[in-house]
Amino acid sequence: MLKVKKLYKQYIKKDRKGKKTIINAVDSVSFNLEENKSYSLVGESGSGKSTLARLITYIEKPTKGKIEINDEDLSKMSKKILRMKRADFQMVMQDGQSSLDPRIKIYDSIAEPLRNFKKLHKNEEKSRVEELMKKVELPLELLDRRPYELSGGQQKRVCIARAISVDPKFIVFDEAVSGLDVTVRKKVLDLLLKLRKELKSSYLFITHDIDVAMYMSNNISIMKSGRIVEEIQDVKSFNDFKHAYSKMLIKSLPPKKPCREFRRKDVNKQIL
Amino acid sequence: MKDILTINNLSILLRKNQSQIVKNISFNLEAGKILGIIGESGSGKTLTCKAIMRLLNEKKFTIKGSIRFKGDDLLKMKEGQINNILGKDISMIMQNPMTAFDPMMKIGTQIVETIRAHTRLSKKEAYFMGMKELKKMNLKGVSEIMNSYPHTLSGGMLQRIMISIALMLRPSVIIADEATTALDVKTQSIILDEFNKIRESGIGLIVVSHDFGVIAKVADNVIVMKDGSIIESSSVYEIFENPQKKYTKELLNSRLLIREMRHA
Ligand SMILES: Nc1ncnc2c1ncn2[C@@H]1O[C@H](COP(=O)(O)OP(=O)(O)OP(=O)(O)O)[C@@H](O)[C@H]1O
Ligand SMILES: Nc1ncnc2c1ncn2[C@@H]1O[C@H](COP(=O)(O)OP(=O)(O)OP(=O)(O)O)[C@@H](O)[C@H]1O
Ligand SMILES: [Mg+2]
Ligand SMILES: [Mg+2]
């Protein structure tokens with residue numbers, strides 16, 4: 001469904017004296033995402049995960065490389081076709097608050113993609129919006145508010161509701177559940193798993209939480225410094241992580257229970 | 001140990017309809033201890049932290065009760081007095097890194113301004129102090145970062161910069177609201193070690209987190225919030241091993257995602 005070949009994204013940074021450095025935010029990344037499958041991406045902070053997400057949802061253009069959707073080259077598509085394709089490709093951005101328009105009410109934020117891509121009557125629209133709110137465990141009274149009048153986790157769920165509203169074929173979730181309490185998180189993850197099954201869609205789940213990554217998919221990619229350093233298919237346990245960086249991540253997992261040793265800086269053993 | 005922060009019967013109401021968001025909560029923070037706050041999304045954790053920082057708009061919210069810092073009620077202090085304390089003696093790491101920075105100002109300038117508002121350092125000294133502190137956060141390319149605008153940095157980079165700014169002036173109280181949510185586990189572990197280290201130096205921290213791993217690693221005491229109230233409060237060991245309330249048990253049970261249930 002989505003093919004990425006030798007994708008690059010470079011940014012130029014300057015220090016105070018004007019000396020330039022090139023940042024290879026995405027550095028020769030290739031992969032195929034198939035229809036009706038779920039993928040997880042974990043990696044170092046600043047390794048290019050969000051940049052990669054913006055490239056494949058064509059929010060940003062790559063410096064070099066090719067992106068194909070169902071064998072069609074993305075860079076050759078007209079603006080009009082790209083806009084139509086938007087309905088099939090949704091993204092939940094990492095920063096909940098700044099991806100919602102502060103001027104418009106939550107109701108309209110959620111209804112917006114529906115208005116763009118599905119022609120619904122006012123009543124249908126209303127019941128669809130309310131149904132989405134219930135699905136992501138939010139009280140309807142929030143519909144009248146603006147984004148900054150919601151808690152962090154409530155904003156995140158509004159973004160999820162928006163993304164799933166138009167039944168897209170492909171959704172990128174960038175740290176979409178990281179501000180949610182664990183009970184709500186589990187409900188939302190299970191909802192997403194169920195929806196994916198029903199709609200036979202594909203997910204790319206970007207998360208720093210390895211448990212979440214493994215819960216959502218058994219295809220896990222690990223990213224570091226712009227590159228995918230390891231791709232594991234059919235992950236069963238932590239033993240399947242082979243790359244040195246992946247192993248180090250597993251070793252750095254926080255403890256499952258409080259224990260004195262962990263609080264001392266020099267002790268770094270994982271106690272399960 | 002000595003309490004540095006004592007919150008008594010704190011309530012936060014919306015002026016518009018007098019609906020009560022935070023309901024009569026009391027807790028205290030000891031010097032050299034880390035207090036973990038966990039709880040339902042939307043239960044009032046962030047508003048409580050913002051009330052301590054006097055960041056809530058008084059036209060919008062009614063705040064009742066008292067928040068004593070080393071004995072003095074922050075809620076009764078005049079503007080000038082409070083400005084001397086906030087940022088310097090009490091600092092907060094905000095939940096939304098992107099919106100917490102001024103989008104029009106380079107990171108270096110924001111850091112220099114924060115440092116100079118509370119010290120007598122020159123611009124240059126403040127700049128180098130900022131660079132030195134940023135390096136402790138496992139950030140690479142610090143001189144380029146200082147020269148960058150916020151939107152050109154990743155979510156986790158911004159979080160680390162904000163943590164660094166909060167620690168920079170060695171305050172006596174640090175409030176961290178979901179401060180490590182976008183960090184890979186290795187970087188998170190480095191930051192949490194840093195929290196444990198500054199705790200040793202006698203600073204009190206409030207760590208709000210949904211991540212039980214984070215709480216297990218740093219918290220001494222934990223309060224659990226639900227629907228605006230504190231429903232349970234005890235030592236971190238008690239919370240994990242002997243939770244009293246149904247909701248706390250429910251949280252503990254859903255924290256581990258059981259992999260067999262996966263539908264992948
Ligand atoms: N618009 C931009 N202009 C310049 N540099 C950018 C821009 N966006 C991202 N970068 C740089 O690209 C690199 C990768 O950033 P990205 O946001 O993709 O990381 P990430 O893996 O999502 O990190 P995190 O886990 O912290 O969110 C960083 O060094 C960042 O500073
Ligand atoms: N400016 C506001 N106006 C009206 N209601 C608000 C405002 N800010 C927050 N609220 C409401 O107050 C409640 C508490 O919000 P708060 O941000 O403190 O939650 P939280 O415990 O930090 O949640 P999360 O874990 O999701 O960040 C929420 O239900 C929220 O919708
Ligand atoms: Mg990111
Ligand atoms: Mg919050």
# chains A, B, ... in the order shown; residues from 1 in each chain; ligands from 1

call {"tool": "residues_near_ligand", "arguments": {"ligand": "ligand 1", "cutoff": "6 Å", "atoms": "only C-alpha atoms and all ligand atoms", "output": "PDB file with C-alpha atoms, in the first residue's frame"}}
result
ATOM      1  CA  TYR A  11      17.445  20.403   7.859  1.00  0.00           C
ATOM      2  CA  ALA A  25      16.533  13.961  10.343  1.00  0.00           C
ATOM      3  CA  SER A  45      14.072  11.163  21.119  1.00  0.00           C
ATOM      4  CA  GLY A  46      15.064  13.374  18.177  1.00  0.00           C
ATOM      5  CA  SER A  47      15.761  10.409  15.892  1.00  0.00           C
ATOM      6  CA  GLY A  48      13.332  11.575  13.192  1.00  0.00           C
ATOM      7  CA  LYS A  49      10.128   9.673  13.969  1.00  0.00           C
ATOM      8  CA  SER A  50       7.797  12.668  13.746  1.00  0.00           C
ATOM      9  CA  THR A  51       9.632  13.932  10.672  1.00  0.00           C
TER      10      THR A  51
ATOM     11  CA  THR B 152      12.273  23.122  14.712  1.00  0.00           C
ATOM     12  CA  LEU B 153      12.916  20.829  17.676  1.00  0.00           C
ATOM     13  CA  SER B 154      11.376  17.457  18.477  1.00  0.00           C
ATOM     14  CA  GLY B 155       8.800  17.007  21.259  1.00  0.00           C
ATOM     15  CA  GLY B 156      11.251  15.188  23.479  1.00  0.00           C
ATOM     16  CA  MET B 157      13.965  17.787  22.881  1.00  0.00           C
ATOM     17  CA  ALA B 182       7.765  11.869  24.936  1.00  0.00           C
ATOM     18  CA  LEU B 183      11.149  10.498  25.924  1.00  0.00           C
TER      19      LEU B 183
END

call {"tool": "interface_residues", "arguments": {"of": "chain A", "to": "chain B", "cutoff": "7 Å", "atoms": "only C-alpha atoms", "output": "VMD selection string"}}
result
chain A and resid 13 to 16 38 43 to 46 95 98 151 153 to 154 178 to 183 186 193 208 211 215 to 218 249 252 to 258 262 to 263 265

call {"tool": "atom_distance", "arguments": {"atom1": "CA of Leu142 in chain A", "atom2": "atom 8 (N, counted along the ligand's line) of ligand 2"}}
result
10.5 Å

call {"tool": "residues_around", "arguments": {"residues": "Ala51 in chain B", "least_positions_apart": "5", "cutoff": "10 Å", "atoms": "only C-alpha atoms", "output": "number ranges by chain"}}
result
B: 10-12, 45-46, 56-57, 61, 63, 67, 74-75

call {"tool": "closest_residue", "arguments": {"among": "B:Met105, B:Ala100, B:Met162, B:Val208", "to": "ligand 2", "atoms": "only C-alpha atoms and all ligand atoms"}}
result
B:Val208

call {"tool": "select_by_dssp", "arguments": {"residues": "range 220-263 of chain B", "states": "helix (DSSP H, G or I)", "output": "PyMOL selection string"}}
result
chain B and resi 236-241+246-255+259-261

call {"tool": "closest_residue", "arguments": {"among": "B:Arg54, B:Ala176, B:Arg68, B:Phe27", "to": "ligand 4", "atoms": "only C-alpha atoms and all ligand atoms"}}
result
B:Ala176

call {"tool": "closest_atom_pairs", "arguments": {"of": "chain A", "to": "ligand 2", "cutoff": "12 Å", "atoms": "only C-alpha atoms and all ligand atoms", "output": "CSV"}}
result
residue,atom,partner,partner_atom_place_in_ligand_line,distance
A:Gly96,CA,ligand 2,26 (O),10.8
A:Gln97,CA,ligand 2,27 (O),11.2
A:Pro102,CA,ligand 2,1 (N),11.9
A:Ile106,CA,ligand 2,31 (O),11.4
A:Glu137,CA,ligand 2,26 (O),11.7
A:Leu138,CA,ligand 2,29 (O),9.4
A:Pro139,CA,ligand 2,29 (O),8.9
A:Leu140,CA,ligand 2,31 (O),10.9
A:Glu141,CA,ligand 2,31 (O),9.1
A:Leu142,CA,ligand 2,31 (O),6.8
A:Leu143,CA,ligand 2,31 (O),10.4
A:Asp144,CA,ligand 2,4 (C),10.2
A:Arg145,CA,ligand 2,4 (C),7.4
A:Arg146,CA,ligand 2,3 (N),8.4
A:Pro147,CA,ligand 2,1 (N),8.8
A:Tyr148,CA,ligand 2,1 (N),6.1
A:Glu149,CA,ligand 2,2 (C),3.6
A:Leu150,CA,ligand 2,31 (O),3.9
A:Ser151,CA,ligand 2,17 (O),3.4
A:Gly152,CA,ligand 2,27 (O),3.9
A:Gly153,CA,ligand 2,26 (O),3.2
A:Gln154,CA,ligand 2,26 (O),5.3
A:Gln155,CA,ligand 2,26 (O),7.6
A:Lys156,CA,ligand 2,26 (O),8.2
A:Arg157,CA,ligand 2,26 (O),9.2
A:Val158,CA,ligand 2,26 (O),11.3
A:Val177,CA,ligand 2,26 (O),10.4
A:Ser178,CA,ligand 2,25 (O),9.9
A:Gly179,CA,ligand 2,25 (O),6.2
A:Leu180,CA,ligand 2,25 (O),6.0
A:Asp181,CA,ligand 2,25 (O),6.4
A:Val182,CA,ligand 2,25 (O),10.2
A:Thr183,CA,ligand 2,25 (O),11.6
A:Val184,CA,ligand 2,26 (O),10.0
A:Arg185,CA,ligand 2,26 (O),10.9

call {"tool": "closest_residue", "arguments": {"among": "B:Lys136, B:Lys23, B:Lys59, B:Lys50", "to": "ligand 4", "atoms": "only C-alpha atoms and all ligand atoms"}}
result
B:Lys50

call {"tool": "select_by_dssp", "arguments": {"residues": "range 58-143 of chain A", "states": "strand (DSSP E)", "output": "list of chain:residue names"}}
result
A:Lys64, A:Gly65, A:Lys66, A:Ile67, A:Glu68, A:Ile69, A:Glu72, A:Asp73, A:Phe89, A:Gln90, A:Met91, A:Val92

call {"tool": "closest_residue", "arguments": {"among": "A:Met248, A:Ile22, A:Met223, A:Ile110", "to": "Glu125 in chain A", "atoms": "only C-alpha atoms"}}
result
A:Ile110

call {"tool": "atom_distance", "arguments": {"atom1": "CA of Gly226 in chain A", "atom2": "CA of Lys61 in chain A"}}
result
15.7 Å

call {"tool": "atom_distance", "arguments": {"atom1": "CA of Gly80 in chain B", "atom2": "CA of Met131 in chain B"}}
result
29.4 Å

call {"tool": "residues_around", "arguments": {"residues": "Ser234 in chain B", "least_positions_apart": "6", "cutoff": "8 Å", "atoms": "only C-alpha atoms", "output": "PDB file with C-alpha atoms, in the first residue's frame"}}
result
ATOM      1  CA  ASN B 221       4.843   9.151  48.496  1.00  0.00           C
ATOM      2  CA  VAL B 222       1.939   8.984  46.101  1.00  0.00           C
ATOM      3  CA  ILE B 223      -1.463  10.607  45.900  1.00  0.00           C
TER       4      ILE B 223
END
